[in-house]
Amino acid sequence: MVDARIVPLDRGRVRADRNYVIEGYELGSATNPNPETEMIETPVYNVVIEHPEATILWDTGSHPDAGDGYWPEFLYDAFEHYDADEHALEDDLGRAGYSIEEVDAVVQSHLHLDHAGGLYEFAGTDVPIYVHEAELKYAYYSAKTSEGDPAYLASDFDHELNWRIVHGERESHFEGIDFLHLSGHTPGLMGLHLTLPETGSVLVAGDQAYVAENYREERPLGPGLLWSKRDWYDSLRTLQDLERREDATLFFGHDPGSLSRLEGGLR
């Protein structure tokens with residue numbers, strides 16, 4: 001157990017077709033050949049972990065110019081972060097009572113454009129940026145070639161950053177906090193496992209599950225959001241086993257209920 005506190009940063013809302021979030025959510029059939037699209041809004045959020053060793057920032061959100069041409073048009077059309085310009089990282093940290101200068105370390109769950117868009121704030125500093133080896137390699141492969149995943153933008157992460165590379169399936173870089181390798185959504189997606197004095201065991205699952213239904217109903221992410229479905233199911237079992245053994249509380253990557261439960265902070 002670590003004497004830590006988790007504070008959420010609400011980074012705005014993304015509007016998208018629910019079929020992107022949950023595979024096969026609404027399928028056409030003979031009796032309903034043209035189902036009506038359901039557009040939903042899901043939160044983008046980061047967390048600050050007040051830890052005895054460091055003030056740790058989990059993810060950096062979208063770039064504030066996402067809707068002003070920074071994101072490729074086809075991606076913004078599918079995943080509209082319509083209020084990104086109101087949620088610069090510096091401003092959202094300030095609303096929570098922090099400043100960029102108070103961040104001692106950053107943990108990037110992965111490097112997709114809605115999670116790594118604030119990394120420029122740490123360019124040229126000595127703030128360590130933790131990322132999984134598999135993630136950094138795939139991000140550069142995707143951003144610098146015509147292959148891979150278009151949701152990686154080199155302009156998000158191709159800076160002079162103090163990268164700290166995570167290699168294993170489970171590593172600890174701060175007392176009482178385990179980094180978990182949860183590949184599936186991306187090759188190097190990471191989650192966190194820690195035990196808080198009041199809440200008990202906590203699993204920050206990140207985008208392994210966008211919303212609770214992905215996890216609870218074992219329904220994968222939708223089209224274009226899975227690097228490997230087989231790995232996604234393996235990571236799902238890892239989290240389910242930890243939840244069962246630890247009686248853990250889980251928080252999912254873009255889940256409104258998760259953000260709501262984090263409001264006010266956790267100890």
# chains A, B, ... in the order shown; residues from 1 in each chain; ligands from 1

call {"tool": "residues_around", "arguments": {"residues": "A:Leu153", "least_positions_apart": "3", "cutoff": "9 Å", "atoms": "only C-alpha atoms", "output": "number ranges by chain"}}
result
A: 71, 111-113, 116-117, 139-140, 142-144, 150, 156-158

call {"tool": "residues_around", "arguments": {"residues": "A:Phe174", "least_positions_apart": "2", "cutoff": "9 Å", "atoms": "only C-alpha atoms", "output": "ChimeraX atom specification"}}
result
/A:51,53-54,172,176-178

call {"tool": "select_by_dssp", "arguments": {"residues": "stretch 29-230 of chain A", "states": "alpha helix (DSSP H)", "output": "PyMOL selection string"}}
result
chain A and resi 73-78+89-95+133-144+154-157+212-216+229-230

call {"tool": "residues_around", "arguments": {"residues": "A:Gly24", "least_positions_apart": "3", "cutoff": "7 Å", "atoms": "only C-alpha atoms", "output": "mmCIF file with C-alpha atoms, in the first residue's frame"}}
result
data_model
loop_
_atom_site.group_PDB
_atom_site.id
_atom_site.type_symbol
_atom_site.label_atom_id
_atom_site.label_comp_id
_atom_site.auth_asym_id
_atom_site.auth_seq_id
_atom_site.Cartn_x
_atom_site.Cartn_y
_atom_site.Cartn_z
ATOM 1 C CA ASN A 19 -19.829 1.192 -33.195
ATOM 2 C CA LEU A 27 -25.652 -4.354 -36.951
ATOM 3 C CA GLY A 222 -14.789 -1.482 -32.596
#

call {"tool": "residues_around", "arguments": {"residues": "stretch 236-239 of chain A", "least_positions_apart": "3", "cutoff": "8 Å", "atoms": "only C-alpha atoms", "output": "PyMOL selection string"}}
result
chain A and resi 203+205+208+215+218+232-233+242-243

call {"tool": "closest_residue", "arguments": {"among": "A:Pro72, A:Pro43, A:Pro128, A:Pro8", "to": "A:Ala105", "atoms": "only C-alpha atoms"}}
result
A:Pro128

call {"tool": "closest_residue", "arguments": {"among": "A:Leu189, A:Val103, A:Leu75, A:Ala84", "to": "A:Arg13", "atoms": "only C-alpha atoms"}}
result
A:Ala84

call {"tool": "atom_distance", "arguments": {"atom1": "atom CA of A:Glu198", "atom2": "atom CA of A:Arg170"}}
result
23.9 Å

call {"tool": "select_by_dssp", "arguments": {"residues": "stretch 10-245 of chain A", "states": "strand (DSSP E)", "output": "NGL selection string"}}
result
:A and (10-17 or 39-51 or 54-58 or 105-107 or 128-132 or 162-166 or 170-174 or 177-181 or 190-196 or 200-206)

call {"tool": "closest_residue", "arguments": {"among": "A:Pro197, A:Gly12, A:Gly69, A:Gly184", "to": "A:Asp234", "atoms": "only C-alpha atoms"}}
result
A:Gly184
